[in-house]
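> One structure, pasted below without further comment.
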Amino acid sequence: KEEQVVAVHIDNGFMRKNESEAVEKSLKSIGLKLQVLNASHQFYNATTTVSVSKAEPNRKRTTKPLCQTIAPEEKRQIIGDTFIHISDALIKDLKLNPDEVLLGQGTLRPDLIESASSLASSNADAIKTHHNDTELVRQMRDNGRVVEPLKDFHKDEVRILGRDLGLPAELVQRHPFPGPGLAVRVICADEPFMEKDFSETTSLVKVIVSYAESLHK
């Protein structure tokens, strides 16, 4: 039933520019009552628990905050688990019974394949963790608390479904963007990378930028 749907857009602070406004506008246009939650600060400082190593999966450690994490795999796990923690907190704030709430996810078949989910294969190695298929999500899934209507479809099939359902072309044909967003696209390192010709390269870049700016004056 429509009144049983609690639609929440969680802004993790790492999405496309003006993404939250676009999501809110598109969903409201089809009559969906949407709550937008800005959780960028929570994500920026979030941590989670991960295995010490593949050889010792049951030994756990706490990660650094996301803003200090370098490894893309750990970033994905932090972001995925933080989505779940924030969802749980929201359920509590709304005074809902967690055992009666189902989490709706837009998980696609490639997500499960790349995460080596048992839903896709029992013999695959993980390519990368998806934020919608972390250990916390898998625990919820095992408890029957996750609804994933698109989990058997690939991107091209989802686009066909979207067109058949009459969704706007600007939504259906959008270029894919990762759930963790810019958090995994920003390349990080332990220390600045500066080659011997760093100052020369910096000067050259400044000349190019100045020239480009002069063309627009």
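Quick note on naming: the chains in the structure tokens go A, B, ... in the order shown, residues restart at 1 in each chain, and ligands are numbered from 1 in order of appearance.
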Kindly assemble as CSV a list of the stretch 111-204 of chain A residues that lie within 12 Å of stretch 26-32 of chain A, each paired with its nearest atom pair and their distance in Å to one decimal, using only C-alpha atoms, sorted first by chain and then by ascending residue number.

```
residue,atom,partner,partner_atom,distance
A:Leu165,CA,A:Ile30,CA,11.8
A:Gly166,CA,A:Ile30,CA,10.7
A:Leu167,CA,A:Ile30,CA,9.2
A:Pro168,CA,A:Ser26,CA,8.8
A:Ala169,CA,A:Ser26,CA,11.6
A:Glu170,CA,A:Ser26,CA,10.0
A:Leu171,CA,A:Ser26,CA,8.4
A:Val172,CA,A:Ser26,CA,11.6
```
> Kindly save the residues from that selection, with N, CA and C atoms included, as a PDB file, in the first residue's frame.

```pdb
ATOM      1  N   LEU A 165       7.652   1.564 -18.351  1.00  0.00           N
ATOM      2  CA  LEU A 165       6.868   2.120 -17.243  1.00  0.00           C
ATOM      3  C   LEU A 165       6.563   3.601 -17.443  1.00  0.00           C
ATOM      4  N   GLY A 166       7.100   4.181 -18.529  1.00  0.00           N
ATOM      5  CA  GLY A 166       6.809   5.576 -18.833  1.00  0.00           C
ATOM      6  C   GLY A 166       7.652   6.581 -18.082  1.00  0.00           C
ATOM      7  N   LEU A 167       8.803   6.152 -17.569  1.00  0.00           N
ATOM      8  CA  LEU A 167       9.677   7.085 -16.857  1.00  0.00           C
ATOM      9  C   LEU A 167      10.342   8.037 -17.846  1.00  0.00           C
ATOM     10  N   PRO A 168      10.645   9.275 -17.412  1.00  0.00           N
ATOM     11  CA  PRO A 168      11.248  10.265 -18.313  1.00  0.00           C
ATOM     12  C   PRO A 168      12.581   9.783 -18.884  1.00  0.00           C
ATOM     13  N   ALA A 169      12.835  10.112 -20.148  1.00  0.00           N
ATOM     14  CA  ALA A 169      14.065   9.687 -20.820  1.00  0.00           C
ATOM     15  C   ALA A 169      15.310  10.212 -20.113  1.00  0.00           C
ATOM     16  N   GLU A 170      15.221  11.433 -19.529  1.00  0.00           N
ATOM     17  CA  GLU A 170      16.391  11.999 -18.863  1.00  0.00           C
ATOM     18  C   GLU A 170      16.798  11.190 -17.629  1.00  0.00           C
ATOM     19  N   LEU A 171      15.870  10.418 -17.085  1.00  0.00           N
ATOM     20  CA  LEU A 171      16.201   9.529 -15.968  1.00  0.00           C
ATOM     21  C   LEU A 171      16.669   8.165 -16.473  1.00  0.00           C
ATOM     22  N   VAL A 172      15.932   7.628 -17.426  1.00  0.00           N
ATOM     23  CA  VAL A 172      16.219   6.284 -17.935  1.00  0.00           C
ATOM     24  C   VAL A 172      17.586   6.213 -18.618  1.00  0.00           C
TER      25      VAL A 172
END
```
> Got a sec: who's within 8 Å of stretch 144-160 of chain A, counting only C-alpha atoms, leaving out chain neighbours fewer than 4 positions off, as an MDAnalysis selection string?
chainID A and resid 99 101:110 112 137 140 164 172:173
> In Å, how far is it from atom CA of A:Ala212 to atom CA of A:Ser199?
20.1 Å
> As a list in words, please: every residue in stretch 15-197 of chain A that DSSP puts in strand (DSSP E).
Leu34, Gln35, Val36, Leu37, Asn38, Thr49, Val50, Ser51, Lys60, Arg61, Thr62, Leu103, Gly104, Val146 and Val147 of chain A
> Could you write out that same residue set with C-alpha atoms as a short mmCIF file (atom, residue, chain, number, x, y, z; two decimals), in the first residue's frame?

```cif
data_model
loop_
_atom_site.label_atom_id
_atom_site.label_comp_id
_atom_site.auth_asym_id
_atom_site.auth_seq_id
_atom_site.Cartn_x
_atom_site.Cartn_y
_atom_site.Cartn_z
CA LEU A 34 10.04 12.07 -0.24
CA GLN A 35 12.13 12.92 2.79
CA VAL A 36 15.64 14.20 1.99
CA LEU A 37 18.23 13.52 4.67
CA ASN A 38 21.58 15.31 4.46
CA THR A 49 34.48 -3.04 11.00
CA VAL A 50 36.34 -5.13 8.40
CA SER A 51 38.31 -8.38 8.35
CA LYS A 60 38.08 -7.82 12.78
CA ARG A 61 39.44 -4.31 13.03
CA THR A 62 37.91 -0.85 12.92
CA LEU A 103 14.66 -2.09 3.01
CA GLY A 104 14.10 -1.44 -0.70
CA VAL A 146 15.53 -6.62 1.99
CA VAL A 147 13.42 -6.17 -1.15
#
```
> Excluding A:Asp11 and any residue of its chain fewer than 3 positions from it, enumerate the residues within 10 Å of it, using only C-alpha atoms, and give them as an MDAnalysis selection string.
chainID A and resid 8 14:15 19:20 36:41 43 83
> Taking N, CA and C atoms for each residue, export the selection above as a JSON list (two decimals), in the first residue's frame.

```
[["chain", "number", "residue", "atom", "x", "y", "z"],
["A", 8, "VAL", "N", 12.90, 7.74, 1.49],
["A", 8, "VAL", "CA", 13.95, 8.60, 2.05],
["A", 8, "VAL", "C", 15.14, 8.64, 1.09],
["A", 14, "PHE", "N", 28.63, 12.81, -1.57],
["A", 14, "PHE", "CA", 29.61, 12.44, -2.61],
["A", 14, "PHE", "C", 28.94, 12.19, -3.95],
["A", 15, "MET", "N", 27.79, 12.77, -4.16],
["A", 15, "MET", "CA", 27.05, 12.51, -5.39],
["A", 15, "MET", "C", 27.30, 13.60, -6.43],
["A", 19, "GLU", "N", 22.46, 16.67, -7.19],
["A", 19, "GLU", "CA", 21.78, 15.38, -7.34],
["A", 19, "GLU", "C", 20.54, 15.27, -6.45],
["A", 20, "SER", "N", 20.66, 15.70, -5.20],
["A", 20, "SER", "CA", 19.52, 15.58, -4.28],
["A", 20, "SER", "C", 18.31, 16.37, -4.78],
["A", 36, "VAL", "N", 14.22, 14.08, 2.34],
["A", 36, "VAL", "CA", 15.64, 14.20, 1.99],
["A", 36, "VAL", "C", 16.45, 14.38, 3.27],
["A", 37, "LEU", "N", 17.42, 13.49, 3.46],
["A", 37, "LEU", "CA", 18.23, 13.52, 4.67],
["A", 37, "LEU", "C", 19.68, 13.81, 4.30],
["A", 38, "ASN", "N", 20.18, 14.95, 4.73],
["A", 38, "ASN", "CA", 21.58, 15.31, 4.46],
["A", 38, "ASN", "C", 22.46, 14.67, 5.53],
["A", 39, "ALA", "N", 23.15, 13.61, 5.14],
["A", 39, "ALA", "CA", 23.99, 12.88, 6.10],
["A", 39, "ALA", "C", 25.47, 12.96, 5.71],
["A", 40, "SER", "N", 25.83, 14.00, 4.98],
["A", 40, "SER", "CA", 27.20, 14.11, 4.46],
["A", 40, "SER", "C", 28.24, 14.12, 5.58],
["A", 41, "HIS", "N", 27.94, 14.80, 6.67],
["A", 41, "HIS", "CA", 28.90, 14.87, 7.78],
["A", 41, "HIS", "C", 29.09, 13.49, 8.41],
["A", 43, "PHE", "N", 28.71, 10.55, 6.94],
["A", 43, "PHE", "CA", 29.49, 9.71, 6.02],
["A", 43, "PHE", "C", 30.97, 10.10, 6.05],
["A", 83, "PHE", "N", 25.11, 3.59, 5.28],
["A", 83, "PHE", "CA", 23.73, 3.67, 4.78],
["A", 83, "PHE", "C", 22.80, 2.85, 5.67]]
```
> Please provide as a list in words all residues within 9 Å of A:Asp125, with the sequence filter that same-chain residues fewer than 4 positions apart are discarded (counting only C-alpha atoms).
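Skipping anything fewer than 4 positions along the chain leaves Ile113, Glu114, Ser115 and Ala116 of chain A.
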> Which polymer residues have any atom within 12 Å of an atom of stretch 180-187 of chain A, counting only C-alpha atoms, with same-chain residues fewer than 6 positions away left out, as number ranges by chain?
A: 10-17, 19, 40, 43-44, 66-83, 128-132, 193
> Which residues in stretch 169-217 of chain A does DSSP call alpha helix (DSSP H)? List them as a list of chain:residue names.
A:Ala169, A:Glu170, A:Leu171, A:Val172, A:Leu182, A:Ala183, A:Val184, A:Arg185, A:Phe198, A:Ser199, A:Glu200, A:Thr201, A:Thr202, A:Ser203, A:Leu204, A:Val205, A:Lys206, A:Val207, A:Ile208, A:Val209, A:Ser210, A:Tyr211, A:Ala212, A:Glu213, A:Ser214, A:Leu215
